[in-house]
Amino acid sequence: MPHLIAIEYSEAQRRQLKSEIDRLSKAGYPLSAKYDAETFGTWDKLFENAIAPGLFVQREAIVVENAETLDAFPENLSPLIEDDKADTVIILVFNTDTKNLKTIAKSITLIKPEAQVPPWKRKDWLISLAKEQGFKISPDAANLLAESIESQEELRGEILKLGIFADGREITLKDAENLSFDEGGRAMMMFLDGVCANNPADVARALNYLRDDFMLPVLTAITNRLRPALIISLFQGKYADNALKAAGFDPAKKNYAINKARSALKFYGADKIKIFMAEAARLSFLEKTSRAEGWQGFEAIIWKLMAKV
């Protein structure tokens with residue numbers, strides 16, 4: 001009789017699946033087959049074909065893709081489900097949630113989507129992730145990746161790629177700049193640095209490329225970049241340092257994000273930074289309504305920030 005492992009859909013799902021297959025293989029459950037759920041059509045037929053290992057193995061693991069196409073799990077099969085010591089383990093891979101397994105949720109192993117790391121913790125998360133993988137990354141490089149790449153799964157891949165390239169030395173900011181960004185990524189960096197340095201020419205060149213895609217990720221990136229500037233503009237002295245630390249920035253250390261934020265403050269002043277961040281919040285809200293302003297609204301607040309008036 002089988003034990004069931006169900007993996008809900010998420011961007012980390014393929015990595016979670018590989019991890020489970022590797023774990024089971026080490027525990028004596030070699031992968032014997034991969035199927036599409038439509039091959040069986042019903043839970044009964046799936047169980048008929050998978051309730052016992054093959055002739056030449058004592059234990060085995062089976063992967064069933066598109067498990068959401070099967071109906072709700074039938075009550076009559078519930079007694080056949082075993083714990084994780086069963087001879088056969090069926091890994092059910094879903095393109096949705098696992099609501100068709102609701103009635104047996106307590107009897108199976110359910111792998112949920114990976115928790116999302118909040119923006120203010122991503123730099124430290126990346127540093128810890130690099131350490132777990134046997135690499136070392138500089139805070140500046142980690143901060144650049146954290147503020148420029150939204151997908152956690154993509155960030156994992158970047159750490160692995162950069163760590164292999166660094167070959168034992170620390171992953172530097174220059175490594176991240178040179179290896180982790182395609183033309184679009186380099187345009188994003190040019191845009192962010194151009195805003196902080198009050199360089200309208202770079203900002204205009206970057207926008208020519210960026211406006212071919214969605215606006216909201218660019219809005220998120222610039223607000224993340226200017227968040228330390230907002231904090232510094234709202235607090236004074238040690239209170240600013242404490243607020244920066246609470247937000248994940250250590251002002252006592254050389255910090256890429258804080259350096260860029262201080263540059264922006266020097267050019268625009270506290271009041272313009274506050275106004276821009278408020279307008280960015282308004283724009284973000286409108287993007288989720290029928291009154292979205294899109295790139296036109298975004299460029300209006302950018303040029304308003306950078307205007308020398």
# chains A, B, ... in the order shown; residues from 1 in each chain; ligands from 1

$ select_by_dssp --residues "range 79-187 of chain A" --states "strand (DSSP E or B)" --output "PyMOL selection string"
chain A and resi 88-93+109-111+137+171

$ write_last_selection --atoms "N, CA, C and O atoms" --output "JSON list (two decimals), in the first residue's frame"
[["chain", "number", "residue", "atom", "x", "y", "z"],
["A", 88, "THR", "N", 5.86, 1.57, -1.08],
["A", 88, "THR", "CA", 5.70, 2.41, -2.27],
["A", 88, "THR", "C", 5.34, 3.82, -1.85],
["A", 88, "THR", "O", 4.44, 4.02, -1.02],
["A", 89, "VAL", "N", 6.03, 4.79, -2.42],
["A", 89, "VAL", "CA", 5.73, 6.19, -2.18],
["A", 89, "VAL", "C", 5.33, 6.83, -3.51],
["A", 89, "VAL", "O", 6.07, 6.74, -4.50],
["A", 90, "ILE", "N", 4.16, 7.44, -3.52],
["A", 90, "ILE", "CA", 3.69, 8.14, -4.72],
["A", 90, "ILE", "C", 3.80, 9.63, -4.48],
["A", 90, "ILE", "O", 3.23, 10.17, -3.52],
["A", 91, "ILE", "N", 4.58, 10.30, -5.32],
["A", 91, "ILE", "CA", 4.73, 11.76, -5.24],
["A", 91, "ILE", "C", 3.75, 12.39, -6.23],
["A", 91, "ILE", "O", 3.90, 12.22, -7.44],
["A", 92, "LEU", "N", 2.77, 13.09, -5.70],
["A", 92, "LEU", "CA", 1.74, 13.73, -6.52],
["A", 92, "LEU", "C", 2.13, 15.18, -6.77],
["A", 92, "LEU", "O", 2.31, 15.95, -5.81],
["A", 93, "VAL", "N", 2.29, 15.55, -8.02],
["A", 93, "VAL", "CA", 2.72, 16.90, -8.39],
["A", 93, "VAL", "C", 1.52, 17.67, -8.94],
["A", 93, "VAL", "O", 0.92, 17.25, -9.94],
["A", 109, "THR", "N", 1.87, 13.26, 3.35],
["A", 109, "THR", "CA", 2.89, 14.30, 3.50],
["A", 109, "THR", "C", 2.59, 15.40, 2.50],
["A", 109, "THR", "O", 2.60, 15.16, 1.29],
["A", 110, "LEU", "N", 2.30, 16.58, 3.00],
["A", 110, "LEU", "CA", 1.95, 17.71, 2.13],
["A", 110, "LEU", "C", 3.09, 18.72, 2.13],
["A", 110, "LEU", "O", 3.50, 19.21, 3.18],
["A", 111, "ILE", "N", 3.60, 19.02, 0.95],
["A", 111, "ILE", "CA", 4.68, 19.99, 0.81],
["A", 111, "ILE", "C", 4.09, 21.28, 0.25],
["A", 111, "ILE", "O", 3.63, 21.33, -0.89],
["A", 137, "ILE", "N", 29.20, 35.65, 0.08],
["A", 137, "ILE", "CA", 28.81, 36.76, -0.78],
["A", 137, "ILE", "C", 28.92, 38.06, 0.02],
["A", 137, "ILE", "O", 28.59, 38.11, 1.20],
["A", 171, "ILE", "N", 31.95, 36.30, -3.32],
["A", 171, "ILE", "CA", 31.20, 36.84, -4.46],
["A", 171, "ILE", "C", 31.10, 38.36, -4.28],
["A", 171, "ILE", "O", 30.61, 38.84, -3.26]]

$ closest_atom_pairs --of "range 51-154 of chain A" --to "range 3-11 of chain A" --cutoff "10 Å" --atoms "only C-alpha atoms" --output "JSON lines"
{"residue": "A:Ile51", "atom": "CA", "partner": "A:His3", "partner_atom": "CA", "distance": 9.3}
{"residue": "A:Ala61", "atom": "CA", "partner": "A:His3", "partner_atom": "CA", "distance": 9.5}
{"residue": "A:Ile62", "atom": "CA", "partner": "A:Leu4", "partner_atom": "CA", "distance": 9.8}
{"residue": "A:Val63", "atom": "CA", "partner": "A:Ile5", "partner_atom": "CA", "distance": 9.4}
{"residue": "A:Val64", "atom": "CA", "partner": "A:Ala6", "partner_atom": "CA", "distance": 9.6}
{"residue": "A:Glu65", "atom": "CA", "partner": "A:Ile7", "partner_atom": "CA", "distance": 9.9}
{"residue": "A:Ala67", "atom": "CA", "partner": "A:Ala6", "partner_atom": "CA", "distance": 8.7}
{"residue": "A:Glu68", "atom": "CA", "partner": "A:Glu8", "partner_atom": "CA", "distance": 9.6}
{"residue": "A:Leu80", "atom": "CA", "partner": "A:His3", "partner_atom": "CA", "distance": 8.8}
{"residue": "A:Ile81", "atom": "CA", "partner": "A:His3", "partner_atom": "CA", "distance": 5.6}
{"residue": "A:Glu82", "atom": "CA", "partner": "A:His3", "partner_atom": "CA", "distance": 4.9}
{"residue": "A:Asp83", "atom": "CA", "partner": "A:His3", "partner_atom": "CA", "distance": 5.5}
{"residue": "A:Asp84", "atom": "CA", "partner": "A:His3", "partner_atom": "CA", "distance": 5.7}
{"residue": "A:Lys85", "atom": "CA", "partner": "A:His3", "partner_atom": "CA", "distance": 7.7}
{"residue": "A:Ala86", "atom": "CA", "partner": "A:His3", "partner_atom": "CA", "distance": 5.7}
{"residue": "A:Asp87", "atom": "CA", "partner": "A:His3", "partner_atom": "CA", "distance": 8.0}
{"residue": "A:Thr88", "atom": "CA", "partner": "A:His3", "partner_atom": "CA", "distance": 6.3}
{"residue": "A:Val89", "atom": "CA", "partner": "A:His3", "partner_atom": "CA", "distance": 4.8}
{"residue": "A:Ile90", "atom": "CA", "partner": "A:Leu4", "partner_atom": "CA", "distance": 5.0}
{"residue": "A:Ile91", "atom": "CA", "partner": "A:Ile5", "partner_atom": "CA", "distance": 4.7}
{"residue": "A:Leu92", "atom": "CA", "partner": "A:Ala6", "partner_atom": "CA", "distance": 4.6}
{"residue": "A:Val93", "atom": "CA", "partner": "A:Ile7", "partner_atom": "CA", "distance": 5.2}
{"residue": "A:Phe94", "atom": "CA", "partner": "A:Glu8", "partner_atom": "CA", "distance": 5.3}
{"residue": "A:Asn95", "atom": "CA", "partner": "A:Tyr9", "partner_atom": "CA", "distance": 4.9}
{"residue": "A:Thr96", "atom": "CA", "partner": "A:Tyr9", "partner_atom": "CA", "distance": 5.2}
{"residue": "A:Asp97", "atom": "CA", "partner": "A:Glu8", "partner_atom": "CA", "distance": 5.2}
{"residue": "A:Thr98", "atom": "CA", "partner": "A:Glu8", "partner_atom": "CA", "distance": 6.1}
{"residue": "A:Lys99", "atom": "CA", "partner": "A:Glu8", "partner_atom": "CA", "distance": 9.7}
{"residue": "A:Leu101", "atom": "CA", "partner": "A:Ala6", "partner_atom": "CA", "distance": 8.7}
{"residue": "A:Ile104", "atom": "CA", "partner": "A:Leu4", "partner_atom": "CA", "distance": 9.8}
{"residue": "A:Ala105", "atom": "CA", "partner": "A:Ala6", "partner_atom": "CA", "distance": 9.4}
{"residue": "A:Ser107", "atom": "CA", "partner": "A:Leu4", "partner_atom": "CA", "distance": 8.2}
{"residue": "A:Ile108", "atom": "CA", "partner": "A:Leu4", "partner_atom": "CA", "distance": 5.2}
{"residue": "A:Thr109", "atom": "CA", "partner": "A:Ile5", "partner_atom": "CA", "distance": 4.6}
{"residue": "A:Leu110", "atom": "CA", "partner": "A:Ala6", "partner_atom": "CA", "distance": 4.9}
{"residue": "A:Ile111", "atom": "CA", "partner": "A:Ile7", "partner_atom": "CA", "distance": 4.8}
{"residue": "A:Lys112", "atom": "CA", "partner": "A:Glu8", "partner_atom": "CA", "distance": 5.6}
{"residue": "A:Pro113", "atom": "CA", "partner": "A:Ser10", "partner_atom": "CA", "distance": 5.4}
{"residue": "A:Glu114", "atom": "CA", "partner": "A:Ser10", "partner_atom": "CA", "distance": 7.6}
{"residue": "A:Ser151", "atom": "CA", "partner": "A:Glu11", "partner_atom": "CA", "distance": 8.2}
{"residue": "A:Gln152", "atom": "CA", "partner": "A:Glu11", "partner_atom": "CA", "distance": 8.4}
{"residue": "A:Glu153", "atom": "CA", "partner": "A:Glu11", "partner_atom": "CA", "distance": 6.6}
{"residue": "A:Glu154", "atom": "CA", "partner": "A:Glu11", "partner_atom": "CA", "distance": 9.1}

$ residues_around --residues "Asn76 in chain A" --least-positions-apart "6" --cutoff "12 Å" --atoms "only C-alpha atoms" --output "PyMOL selection string"
chain A and resi 43-44+47+103-104
